[in-house]
file input_7.cif (mmCIF, C-alpha atoms)
data_entry
#
loop_
_atom_site.label_atom_id
_atom_site.label_comp_id
_atom_site.auth_asym_id
_atom_site.auth_seq_id
_atom_site.Cartn_x
_atom_site.Cartn_y
_atom_site.Cartn_z
CA MET A 228 147.86 169.53 137.50
CA GLU A 229 149.01 167.94 140.76
CA LYS A 230 147.19 164.88 142.07
CA ALA A 231 147.66 163.21 145.45
CA VAL A 232 149.16 159.70 145.32
CA TYR A 233 148.82 159.39 149.09
CA GLN A 234 147.13 161.93 151.29
CA ARG A 235 146.39 161.76 154.99
CA SER A 236 142.86 160.46 155.59
CA LYS A 237 140.31 163.03 156.72
CA LEU A 238 139.45 160.60 159.50
CA TYR A 239 143.02 160.20 160.77
CA MET A 240 144.97 163.35 161.48
CA GLY A 241 148.18 161.89 162.93
CA GLY A 242 150.04 163.48 165.82
CA HIS A 243 149.45 160.64 168.28
CA PRO A 244 151.82 160.18 171.25
CA LEU A 245 152.75 156.55 170.46
CA CYS A 246 156.44 155.63 170.61
CA SER A 247 158.72 155.98 167.60
CA GLY A 248 158.24 153.07 165.19
CA CYS A 249 155.15 151.65 166.94
CA MET A 250 153.08 149.84 164.33
CA HIS A 251 149.87 150.67 166.20
CA GLY A 252 149.94 153.97 164.29
CA LEU A 253 150.39 152.20 160.96
CA ILE A 254 147.53 149.81 161.74
CA GLY A 255 145.34 152.74 162.82
CA LYS A 256 146.08 154.57 159.61
CA LEU A 257 145.23 151.41 157.65
CA ILE A 258 141.91 150.95 159.45
CA LEU A 259 140.81 154.54 158.88
CA ASP A 260 141.99 154.52 155.23
CA THR A 261 139.96 151.33 154.66
CA LEU A 262 136.86 152.82 156.29
CA GLU A 263 137.20 155.86 154.02
CA GLU A 264 137.74 153.73 150.89
CA LEU A 265 134.68 151.61 151.63
CA GLU A 266 132.70 154.85 152.15
CA ILE A 267 131.46 153.76 155.57
CA ALA A 268 129.93 156.92 157.02
CA PRO A 269 131.99 158.17 160.01
CA GLU A 270 128.84 159.42 161.77
CA ASN A 271 127.49 155.87 161.52
CA THR A 272 130.62 154.22 162.94
CA THR A 273 131.78 153.51 166.48
CA LEU A 274 135.24 152.41 167.52
CA LEU A 275 135.58 150.67 170.88
CA PHE A 276 138.83 151.03 172.75
CA PRO A 277 139.81 149.15 175.89
CA PRO A 278 142.67 150.67 177.93
CA GLY A 279 146.05 150.22 176.25
CA CYS A 280 148.22 151.82 173.60
CA GLY A 281 145.41 151.98 171.01
CA PRO A 282 143.31 154.70 172.70
CA GLN A 283 146.26 157.07 172.59
CA GLN A 284 145.18 157.65 169.00
CA ASP A 285 141.70 158.59 170.19
CA PHE A 286 142.07 162.34 169.80
CA CYS A 287 143.54 162.15 166.29
CA ILE A 288 140.59 160.13 164.95
CA ASN A 289 137.49 161.88 163.60
CA ILE A 290 135.10 159.08 164.53
CA ASN A 291 132.95 158.31 167.57
CA THR A 292 134.93 156.29 170.07
CA VAL A 293 133.86 154.57 173.26
CA MET A 294 136.29 153.68 176.01
CA VAL A 295 135.36 150.34 177.55
CA GLY A 296 136.73 148.21 180.38
CA LEU A 297 139.74 146.04 179.57
CA GLY A 298 138.64 143.11 177.41
CA ARG A 299 134.97 144.12 177.42
CA SER A 300 134.84 145.61 173.93
CA ALA A 301 133.16 142.59 172.26
CA ALA A 302 130.43 142.63 174.94
CA VAL A 303 129.82 146.40 174.62
CA ALA A 304 129.92 146.08 170.81
CA THR A 305 127.20 143.41 171.05
CA GLY A 306 124.92 145.88 172.84
CA ILE A 307 125.61 148.74 170.41
CA LYS A 308 125.14 146.50 167.37
CA ARG A 309 121.94 144.87 168.58
CA GLY A 310 120.49 148.28 169.40
CA ASN A 311 121.62 149.81 166.10
CA PRO A 312 121.89 147.01 163.51
CA ASP A 313 122.89 149.43 160.72
CA HIS A 314 125.69 150.97 162.76
CA PHE A 315 129.27 149.95 161.92
CA VAL A 316 130.90 148.70 165.15
CA LEU A 317 134.61 148.03 165.37
CA CYS A 318 136.53 146.70 168.39
CA TRP A 319 140.13 147.84 168.34
CA ASP A 320 141.92 145.85 171.02
CA GLY A 321 145.35 144.69 172.03
CA ASP A 322 146.48 141.18 172.86
CA GLY A 323 146.33 141.99 176.56
CA ALA A 324 142.60 142.66 176.25
CA ASP A 325 141.48 140.00 173.77
CA ALA A 326 143.79 137.08 174.58
CA ALA A 327 143.83 137.57 178.36
CA ILE A 328 140.94 139.05 180.36
CA GLY A 329 138.60 139.39 177.36
CA ILE A 330 139.11 135.99 175.73
CA GLY A 331 135.71 134.80 176.96
CA ASP A 332 133.94 137.88 175.62
CA VAL A 333 135.52 137.50 172.19
CA ILE A 334 134.90 133.75 171.86
CA HIS A 335 131.30 134.07 173.02
CA ALA A 336 130.66 137.02 170.68
CA ALA A 337 131.95 134.79 167.86
CA ALA A 338 129.83 131.86 169.05
CA ARG A 339 126.73 134.10 169.07
CA LYS A 340 127.61 135.12 165.49
CA GLU A 341 127.49 138.78 166.42
CA ASN A 342 127.77 140.98 163.36
CA ILE A 343 130.83 142.91 164.59
CA THR A 344 134.50 143.25 163.60
CA VAL A 345 137.27 142.68 166.13
CA ILE A 346 140.83 143.87 165.45
CA MET A 347 143.55 142.57 167.77
CA VAL A 348 146.98 144.19 167.72
CA ASN A 349 149.41 141.57 169.01
CA ASN A 350 152.70 142.96 170.31
CA SER A 351 153.16 140.00 172.71
CA LEU A 352 153.18 142.17 175.87
CA PHE A 353 151.09 144.38 178.10
CA ALA A 354 152.94 147.30 176.54
CA ASN A 355 150.99 150.23 177.97
CA THR A 356 151.56 149.22 181.59
CA GLY A 357 155.30 148.64 181.29
CA GLY A 358 155.89 145.39 179.41
CA GLN A 359 154.39 142.65 181.58
CA MET A 360 153.93 139.13 180.22
CA ALA A 361 150.73 138.57 178.21
CA PRO A 362 149.23 135.23 177.09
CA THR A 363 150.76 135.97 173.69
CA THR A 364 154.34 136.41 174.97
CA LEU A 365 156.67 134.11 173.06
CA LEU A 366 158.48 131.22 174.75
CA GLY A 367 161.86 132.51 175.91
CA GLN A 368 160.83 136.16 175.56
CA LYS A 369 161.79 138.33 178.52
CA SER A 370 159.29 140.68 180.13
CA THR A 371 159.13 142.50 183.46
CA THR A 372 157.08 139.65 184.99
CA CYS A 373 159.19 136.85 183.48
CA PRO A 374 162.68 138.37 183.55
CA GLN A 375 164.32 134.98 182.88
CA GLY A 376 162.20 134.48 179.76
CA ARG A 377 158.82 132.71 179.44
CA LYS A 378 159.04 129.00 180.24
CA GLU A 379 156.30 126.55 179.24
CA ASP A 380 156.57 124.71 182.59
CA VAL A 381 155.94 127.86 184.60
CA GLU A 382 154.00 130.35 182.48
CA GLY A 383 152.53 127.99 179.86
CA TYR A 384 152.32 128.29 176.11
CA PRO A 385 151.33 131.31 173.98
CA ILE A 386 147.70 131.52 172.80
CA ASN A 387 147.00 131.70 169.07
CA LEU A 388 143.63 133.44 169.11
CA ALA A 389 143.09 133.66 165.33
CA GLU A 390 143.33 129.85 165.01
CA ILE A 391 141.09 129.31 168.06
CA LEU A 392 138.41 131.64 166.67
CA ALA A 393 138.62 129.92 163.27
CA GLN A 394 137.28 126.78 164.99
CA VAL A 395 134.23 128.59 166.39
CA GLU A 396 131.21 127.89 164.19
CA GLY A 397 129.87 131.45 164.38
CA THR A 398 133.07 133.03 163.06
CA ARG A 399 132.79 134.08 159.43
CA PHE A 400 136.32 135.40 158.95
CA SER A 401 139.51 134.93 160.95
CA ALA A 402 142.95 136.04 159.80
CA ARG A 403 146.37 137.04 161.05
CA MET A 404 148.25 139.76 159.20
CA ALA A 405 151.55 141.62 159.52
CA VAL A 406 152.52 145.15 158.51
CA TYR A 407 156.31 145.03 158.54
CA ASP A 408 156.80 145.60 154.81
CA PRO A 409 154.78 147.19 151.97
CA ALA A 410 153.65 143.83 150.53
CA HIS A 411 152.26 142.70 153.88
CA VAL A 412 150.61 146.09 154.47
CA ARG A 413 148.71 145.71 151.19
CA LYS A 414 147.68 142.14 152.08
CA ALA A 415 146.53 143.35 155.49
CA LYS A 416 144.43 146.07 153.89
CA LYS A 417 142.78 143.46 151.68
CA ALA A 418 141.93 141.34 154.72
CA LEU A 419 140.55 144.41 156.53
CA LYS A 420 138.35 145.22 153.54
CA THR A 421 136.97 141.67 153.55
CA ALA A 422 136.27 141.84 157.28
CA PHE A 423 134.58 145.25 157.03
CA ARG A 424 132.47 144.20 154.02
CA LEU A 425 131.19 141.18 155.94
CA GLN A 426 129.84 143.47 158.63
CA VAL A 427 128.30 145.87 156.10
CA GLU A 428 126.62 142.90 154.38
CA LYS A 429 125.50 141.56 157.81
CA LYS A 430 127.23 138.23 157.38
CA GLY A 431 128.64 137.74 160.85
CA PHE A 432 131.66 137.87 163.12
CA ALA A 433 135.06 138.84 161.65
CA PHE A 434 138.39 138.80 163.45
CA VAL A 435 141.71 140.19 162.22
CA GLU A 436 144.88 139.87 164.29
CA PHE A 437 147.85 142.08 163.48
CA LEU A 438 151.42 141.14 164.38
CA SER A 439 152.84 144.31 165.82
CA ASN A 440 156.01 145.43 167.56
CA CYS A 441 156.90 147.26 170.75
CA PRO A 442 160.36 148.80 170.33
CA THR A 443 160.20 150.38 173.81
CA ASN A 444 159.42 147.24 175.81
CA TRP A 445 161.36 144.90 173.53
CA HIS A 446 164.35 147.25 174.08
CA MET A 447 165.10 147.44 170.36
CA THR A 448 165.27 150.05 167.62
CA PRO A 449 162.19 150.11 165.34
CA LEU A 450 164.14 148.44 162.51
CA LYS A 451 165.44 145.66 164.78
CA SER A 452 161.92 145.06 166.08
CA ILE A 453 160.81 144.40 162.49
CA GLU A 454 163.54 141.74 162.19
CA HIS A 455 162.30 140.27 165.49
CA ILE A 456 158.77 139.92 164.08
CA LYS A 457 160.11 138.23 160.95
CA GLU A 458 162.46 135.86 162.78
CA MET A 459 160.61 135.16 166.05
CA SER A 460 156.96 136.26 166.23
CA GLN A 461 156.08 134.83 162.84
CA LEU A 462 157.27 131.34 163.86
CA GLN A 463 154.73 131.22 166.69
CA TYR A 464 152.07 133.24 164.87
CA PRO A 465 151.92 132.27 161.19
CA ILE A 466 150.37 134.81 158.85
CA GLY A 467 147.32 133.79 156.87
CA ILE A 468 143.57 133.53 156.59
CA PHE A 469 142.30 130.70 158.80
CA LYS A 470 138.62 130.96 158.01
CA GLY A 471 136.68 132.76 155.30
CA GLU A 472 137.44 133.80 151.76
CA MET B 102 157.33 165.04 138.51
CA SER B 103 156.67 163.77 142.04
CA ARG B 104 156.85 165.43 145.40
CA ILE B 105 157.24 163.86 148.87
CA VAL B 106 155.99 166.06 151.71
CA ILE B 107 157.06 165.13 155.24
CA GLU B 108 155.37 166.96 158.11
CA LYS B 109 158.36 167.37 160.40
CA GLU B 110 156.29 167.87 163.56
CA LEU B 111 154.60 164.47 163.09
CA CYS B 112 157.79 162.51 162.25
CA LYS B 113 159.40 160.45 165.02
CA GLY B 114 162.44 159.31 163.03
CA CYS B 115 161.67 155.56 163.00
CA GLU B 116 163.45 155.21 159.62
CA TYR B 117 160.82 152.95 158.00
CA CYS B 118 160.56 155.34 155.03
CA VAL B 119 164.38 155.52 154.77
CA THR B 120 164.60 151.70 154.71
CA TYR B 121 161.75 151.00 152.31
CA CYS B 122 162.21 153.81 149.72
CA PRO B 123 163.26 151.86 146.59
CA LYS B 124 165.27 154.85 145.31
CA GLN B 125 166.73 155.80 148.69
CA LEU B 126 165.56 159.39 148.43
CA ILE B 127 164.83 159.92 152.14
CA HIS B 128 167.33 160.33 154.95
CA ILE B 129 167.24 161.33 158.61
CA GLY B 130 168.34 164.93 158.99
CA THR B 131 170.46 166.47 161.72
CA ALA B 132 167.85 168.94 163.04
CA PHE B 133 165.39 168.14 165.83
CA ASN B 134 161.64 168.80 165.83
CA SER B 135 159.70 170.14 168.82
CA MET B 136 159.24 166.59 170.22
CA GLY B 137 163.02 166.09 170.21
CA PHE B 138 163.18 163.64 167.31
CA LYS B 139 165.53 163.87 164.33
CA TYR B 140 163.06 163.86 161.46
CA ALA B 141 163.15 162.39 157.96
CA VAL B 142 163.98 164.67 155.05
CA PRO B 143 163.24 163.89 151.38
CA GLU B 144 165.97 164.75 148.86
CA ASP B 145 165.18 164.27 145.20
CA LYS B 146 167.45 166.62 143.24
CA GLU B 147 167.42 164.47 140.08
CA GLY B 148 163.68 163.86 140.03
CA GLN B 149 164.02 160.10 140.62
CA CYS B 150 160.86 159.73 142.73
CA THR B 151 158.30 157.56 140.94
CA ALA B 152 155.48 158.39 143.38
CA CYS B 153 155.13 154.74 144.40
CA GLY B 154 153.80 155.89 147.79
CA ILE B 155 155.67 153.23 149.79
CA CYS B 156 157.14 155.83 152.18
CA ALA B 157 153.64 157.13 152.97
CA LEU B 158 152.24 153.61 153.25
CA MET B 159 154.87 152.55 155.80
CA CYS B 160 154.81 155.72 157.93
CA PRO B 161 153.25 154.88 161.34
CA ASP B 162 152.81 158.57 162.15
CA ALA B 163 150.91 159.58 159.00
CA ALA B 164 153.59 162.22 158.47
CA ILE B 165 154.13 161.64 154.74
CA GLU B 166 152.04 162.67 151.75
CA VAL B 167 153.01 162.05 148.12
CA TYR B 168 151.91 164.14 145.13
CA GLN B 169 152.43 163.68 141.41
CA THR B 170 152.15 166.29 138.68
CA GLU B 171 150.19 165.04 135.68
CA LYS B 172 151.71 165.78 132.28
#

call {"tool": "encode", "arguments": {"input": "input_7.cif", "output": "structure tokens"}}
result
Amino acid sequence: MEKAVYQRSKLYMGGHPLCSGCMHGLIGKLILDTLEELEIAPENTTLLFPPGCGPQQDFCININTVMVGLGRSAAVATGIKRGNPDHFVLCWDGDGADAAIGIGDVIHAAARKENITVIMVNNSLFANTGGQMAPTTLLGQKSTTCPQGRKEDVEGYPINLAEILAQVEGTRFSARMAVYDPAHVRKAKKALKTAFRLQVEKKGFAFVEFLSNCPTNWHMTPLKSIEHIKEMSQLQYPIGIFKGE
Amino acid sequence: MSRIVIEKELCKGCEYCVTYCPKQLIHIGTAFNSMGFKYAVPEDKEGQCTACGICALMCPDAAIEVYQTEK
């Protein structure tokens, strides 16, 4: 008899238009696999997408999704969660939304101890709009709005949101994970499970940041972009759990 | 006996599965799919696949499924 070792989740069909090697797809697959494993009912779940690369997976996901304004997902999630306390609400943002225009929304949602989960995919650029500098762009990294490379005297320093949120009293769980090799993917899944369980058990605000790549705007092959995460991104954004078990 | 199934229309040829397969059983073929990508092809003539599932785990396009036949 043949058994499936790995089968595509019923919630995630694949076939998204993301670029070749974009880890957004891998992270999406991981999120939906974790939801399925924890038996969180899809009809009782809402994903919130701000504009960006994430919502391109919208039509290959069998779950309710809401498109919100850039950076406003934590605020909209607050409304949905307070109106439906038993509903599972997940914000699926990029670094351009959470670390830039939406940083206030996220920090205040954490301070209010909202019982929601926020996922931030950090590819250190505004990738969807053509690779402009984001608050998470690394020092020296070139983008279309800092073609000479980011300088601390002109553009300032990168923002480490997972560490900032770990200092907020209302945050229950804050972690940064990577998905560039199988070992890190498994660790990331474990962190996701912890974050999702906290919401199911109504224990408070959970935040998980993912180090991601952008082969298109970094002008690299997918495999080279993985090396870039290991050698460059990880120095600025260390992987680990900053608050919580 | 294990079987790797790659949905060629979902594959974008990023080579993550090729890089991470511990037995090096996957390669990028020469044919193109309808999106214009050269897609990954599994080749396991000697039955070396252990069904570890790493290829499926690392695929960002959810193109890979792995099956194992129970004895």

call {"tool": "resolve_selection", "arguments": {"input": "input_7.cif", "expression": "the PyMOL selection byres ((chain B) within 6 of (chain A))", "output": "list in words"}}
result
Leu111, Lys113, Cys115, Pro161, Asp162, Ala163, Glu166, Val167, Tyr168, Gln169, Thr170 and Glu171 of chain B

call {"tool": "write_last_selection", "arguments": {"input": "input_7.cif", "atoms": "C-alpha atoms", "output": "PDB file, keeping the file's coordinate frame"}}
result
ATOM      1  CA  LEU B 111     154.600 164.470 163.090  1.00  0.00           C
ATOM      2  CA  LYS B 113     159.400 160.450 165.020  1.00  0.00           C
ATOM      3  CA  CYS B 115     161.670 155.560 163.000  1.00  0.00           C
ATOM      4  CA  PRO B 161     153.250 154.880 161.340  1.00  0.00           C
ATOM      5  CA  ASP B 162     152.810 158.570 162.150  1.00  0.00           C
ATOM      6  CA  ALA B 163     150.910 159.580 159.000  1.00  0.00           C
ATOM      7  CA  GLU B 166     152.040 162.670 151.750  1.00  0.00           C
ATOM      8  CA  VAL B 167     153.010 162.050 148.120  1.00  0.00           C
ATOM      9  CA  TYR B 168     151.910 164.140 145.130  1.00  0.00           C
ATOM     10  CA  GLN B 169     152.430 163.680 141.410  1.00  0.00           C
ATOM     11  CA  THR B 170     152.150 166.290 138.680  1.00  0.00           C
ATOM     12  CA  GLU B 171     150.190 165.040 135.680  1.00  0.00           C
TER      13      GLU B 171
END

call {"tool": "axis_aligned_box", "arguments": {"input": "input_7.cif", "around": "stretch 321-331 of chain A", "padding_each_side": "6 Å", "output": "JSON"}}
result
{"center_x": 141.1, "center_y": 139.7, "center_z": 176.2, "size_x": 22.8, "size_y": 21.9, "size_z": 20.3}

call {"tool": "residues_around", "arguments": {"input": "input_7.cif", "residues": "stretch 369-371 of chain A", "least_positions_apart": "3", "cutoff": "8 Å", "atoms": "all atoms listed in the file", "output": "ChimeraX atom specification"}}
result
/A:352,357-360,374-377,444

call {"tool": "closest_residue", "arguments": {"input": "input_7.cif", "among": "A:Glu379, A:Glu266, A:Asp325, A:Glu436", "to": "A:Val348", "atoms": "all atoms listed in the file"}}
result
A:Glu436

call {"tool": "atom_distance", "arguments": {"input": "input_7.cif", "atom1": "atom CA of A:Thr398", "atom2": "atom CA of A:Leu275"}}
result
19.5 Å

call {"tool": "resolve_selection", "arguments": {"input": "input_7.cif", "expression": "the PyMOL selection byres ((chain A and resi 419-424) around 7)", "output": "mmCIF file with C-alpha atoms, keeping the file's coordinate frame"}}
result
data_model
loop_
_atom_site.group_PDB
_atom_site.id
_atom_site.type_symbol
_atom_site.label_atom_id
_atom_site.label_comp_id
_atom_site.auth_asym_id
_atom_site.auth_seq_id
_atom_site.Cartn_x
_atom_site.Cartn_y
_atom_site.Cartn_z
ATOM 1 C CA THR A 261 139.960 151.330 154.660
ATOM 2 C CA THR A 344 134.500 143.250 163.600
ATOM 3 C CA PHE A 400 136.320 135.400 158.950
ATOM 4 C CA ALA A 415 146.530 143.350 155.490
ATOM 5 C CA LYS A 416 144.430 146.070 153.890
ATOM 6 C CA LYS A 417 142.780 143.460 151.680
ATOM 7 C CA ALA A 418 141.930 141.340 154.720
ATOM 8 C CA LEU A 425 131.190 141.180 155.940
ATOM 9 C CA GLN A 426 129.840 143.470 158.630
ATOM 10 C CA VAL A 427 128.300 145.870 156.100
ATOM 11 C CA GLU A 428 126.620 142.900 154.380
ATOM 12 C CA ALA A 433 135.060 138.840 161.650
#

call {"tool": "closest_residue", "arguments": {"input": "input_7.cif", "among": "A:Asn349, A:Asn440, A:Gln368, A:Thr272", "to": "A:Leu388", "atoms": "all atoms listed in the file"}}
result
A:Asn349

call {"tool": "atom_distance", "arguments": {"input": "input_7.cif", "atom1": "atom CA of A:Arg403", "atom2": "atom CA of A:Pro282"}}
result
21.4 Å

call {"tool": "atom_distance", "arguments": {"input": "input_7.cif", "atom1": "atom CA of B:Gln125", "atom2": "atom CA of B:Gln149"}}
result
9.5 Å

call {"tool": "resolve_selection", "arguments": {"input": "input_7.cif", "expression": "the PyMOL selection byres ((chain A and resi 299) around 9)", "output": "JSON, numbers by chain"}}
result
{"A": [277, 295, 296, 297, 298, 300, 301, 302, 303, 304, 324, 325, 328, 329, 332, 333]}

call {"tool": "closest_residue", "arguments": {"input": "input_7.cif", "among": "A:Lys457, A:Lys430, A:Arg399, A:Lys378", "to": "A:Lys470", "atoms": "only C-alpha atoms"}}
result
A:Arg399

call {"tool": "residues_near_point", "arguments": {"input": "input_7.cif", "point": "(139.6, 166.0, 164.1)", "cutoff": "9 Å", "atoms": "all atoms listed in the file", "output": "tab-separated table (two decimals) with C-alpha atoms, in the frame of the given file"}}
result
chain	number	residue	atom	x	y	z
A	237	LYS	CA	140.31	163.03	156.72
A	238	LEU	CA	139.45	160.60	159.50
A	239	TYR	CA	143.02	160.20	160.77
A	240	MET	CA	144.97	163.35	161.48
A	286	PHE	CA	142.07	162.34	169.80
A	287	CYS	CA	143.54	162.15	166.29
A	288	ILE	CA	140.59	160.13	164.95
A	289	ASN	CA	137.49	161.88	163.60
A	290	ILE	CA	135.10	159.08	164.53

call {"tool": "decode", "arguments": {"input": "input_7.cif", "residues": "stretch 254-271 of chain A", "atoms": "N, CA, C and O atoms", "output": "PDB file, in the first residue's frame"}}
result
ATOM      1  N   ILE A 254       7.154  29.830   2.766  1.00  0.00           N
ATOM      2  CA  ILE A 254       6.589  30.272   4.051  1.00  0.00           C
ATOM      3  C   ILE A 254       5.068  30.086   4.032  1.00  0.00           C
ATOM      4  O   ILE A 254       4.479  29.632   5.006  1.00  0.00           O
ATOM      5  N   GLY A 255       4.450  30.401   2.891  1.00  0.00           N
ATOM      6  CA  GLY A 255       3.003  30.212   2.749  1.00  0.00           C
ATOM      7  C   GLY A 255       2.619  28.757   2.922  1.00  0.00           C
ATOM      8  O   GLY A 255       1.666  28.424   3.639  1.00  0.00           O
ATOM      9  N   LYS A 256       3.376  27.898   2.273  1.00  0.00           N
ATOM     10  CA  LYS A 256       3.130  26.459   2.377  1.00  0.00           C
ATOM     11  C   LYS A 256       3.243  26.010   3.827  1.00  0.00           C
ATOM     12  O   LYS A 256       2.419  25.236   4.325  1.00  0.00           O
ATOM     13  N   LEU A 257       4.261  26.532   4.516  1.00  0.00           N
ATOM     14  CA  LEU A 257       4.514  26.185   5.921  1.00  0.00           C
ATOM     15  C   LEU A 257       3.352  26.629   6.815  1.00  0.00           C
ATOM     16  O   LEU A 257       2.901  25.889   7.690  1.00  0.00           O
ATOM     17  N   ILE A 258       2.861  27.836   6.572  1.00  0.00           N
ATOM     18  CA  ILE A 258       1.750  28.373   7.376  1.00  0.00           C
ATOM     19  C   ILE A 258       0.506  27.501   7.197  1.00  0.00           C
ATOM     20  O   ILE A 258      -0.128  27.087   8.160  1.00  0.00           O
ATOM     21  N   LEU A 259       0.183  27.190   5.935  1.00  0.00           N
ATOM     22  CA  LEU A 259      -1.032  26.416   5.682  1.00  0.00           C
ATOM     23  C   LEU A 259      -0.902  24.977   6.168  1.00  0.00           C
ATOM     24  O   LEU A 259      -1.861  24.395   6.690  1.00  0.00           O
ATOM     25  N   ASP A 260       0.312  24.392   6.031  1.00  0.00           N
ATOM     26  CA  ASP A 260       0.544  23.040   6.561  1.00  0.00           C
ATOM     27  C   ASP A 260       0.352  23.029   8.074  1.00  0.00           C
ATOM     28  O   ASP A 260      -0.240  22.099   8.628  1.00  0.00           O
ATOM     29  N   THR A 261       0.862  24.073   8.754  1.00  0.00           N
ATOM     30  CA  THR A 261       0.748  24.141  10.210  1.00  0.00           C
ATOM     31  C   THR A 261      -0.706  24.299  10.640  1.00  0.00           C
ATOM     32  O   THR A 261      -1.151  23.660  11.587  1.00  0.00           O
ATOM     33  N   LEU A 262      -1.448  25.133   9.917  1.00  0.00           N
ATOM     34  CA  LEU A 262      -2.880  25.301  10.227  1.00  0.00           C
ATOM     35  C   LEU A 262      -3.608  23.963  10.110  1.00  0.00           C
ATOM     36  O   LEU A 262      -4.429  23.609  10.954  1.00  0.00           O
ATOM     37  N   GLU A 263      -3.252  23.202   9.051  1.00  0.00           N
ATOM     38  CA  GLU A 263      -3.901  21.909   8.825  1.00  0.00           C
ATOM     39  C   GLU A 263      -3.525  20.913   9.919  1.00  0.00           C
ATOM     40  O   GLU A 263      -4.372  20.195  10.433  1.00  0.00           O
ATOM     41  N   GLU A 264      -2.232  20.921  10.303  1.00  0.00           N
ATOM     42  CA  GLU A 264      -1.772  19.988  11.341  1.00  0.00           C
ATOM     43  C   GLU A 264      -2.410  20.274  12.691  1.00  0.00           C
ATOM     44  O   GLU A 264      -2.683  19.360  13.466  1.00  0.00           O
ATOM     45  N   LEU A 265      -2.608  21.552  12.988  1.00  0.00           N
ATOM     46  CA  LEU A 265      -3.220  21.914  14.273  1.00  0.00           C
ATOM     47  C   LEU A 265      -4.748  21.799  14.237  1.00  0.00           C
ATOM     48  O   LEU A 265      -5.421  22.080  15.216  1.00  0.00           O
ATOM     49  N   GLU A 266      -5.257  21.380  13.069  1.00  0.00           N
ATOM     50  CA  GLU A 266      -6.709  21.195  12.865  1.00  0.00           C
ATOM     51  C   GLU A 266      -7.507  22.461  13.199  1.00  0.00           C
ATOM     52  O   GLU A 266      -8.542  22.408  13.865  1.00  0.00           O
ATOM     53  N   ILE A 267      -6.960  23.600  12.774  1.00  0.00           N
ATOM     54  CA  ILE A 267      -7.690  24.857  12.915  1.00  0.00           C
ATOM     55  C   ILE A 267      -8.641  24.934  11.723  1.00  0.00           C
ATOM     56  O   ILE A 267      -8.210  24.858  10.571  1.00  0.00           O
ATOM     57  N   ALA A 268      -9.927  25.037  11.997  1.00  0.00           N
ATOM     58  CA  ALA A 268     -10.932  24.952  10.928  1.00  0.00           C
ATOM     59  C   ALA A 268     -10.764  26.096   9.929  1.00  0.00           C
ATOM     60  O   ALA A 268     -10.747  27.262  10.332  1.00  0.00           O
ATOM     61  N   PRO A 269     -10.624  25.788   8.619  1.00  0.00           N
ATOM     62  CA  PRO A 269     -10.434  26.841   7.622  1.00  0.00           C
ATOM     63  C   PRO A 269     -11.594  27.830   7.570  1.00  0.00           C
ATOM     64  O   PRO A 269     -11.395  29.010   7.326  1.00  0.00           O
ATOM     65  N   GLU A 270     -12.828  27.334   7.830  1.00  0.00           N
ATOM     66  CA  GLU A 270     -13.984  28.226   7.779  1.00  0.00           C
ATOM     67  C   GLU A 270     -14.014  29.177   8.980  1.00  0.00           C
ATOM     68  O   GLU A 270     -14.766  30.131   9.012  1.00  0.00           O
ATOM     69  N   ASN A 271     -13.142  28.884   9.960  1.00  0.00           N
ATOM     70  CA  ASN A 271     -13.087  29.698  11.170  1.00  0.00           C
ATOM     71  C   ASN A 271     -11.787  30.506  11.216  1.00  0.00           C
ATOM     72  O   ASN A 271     -11.351  30.924  12.276  1.00  0.00           O
TER      73      ASN A 271
END
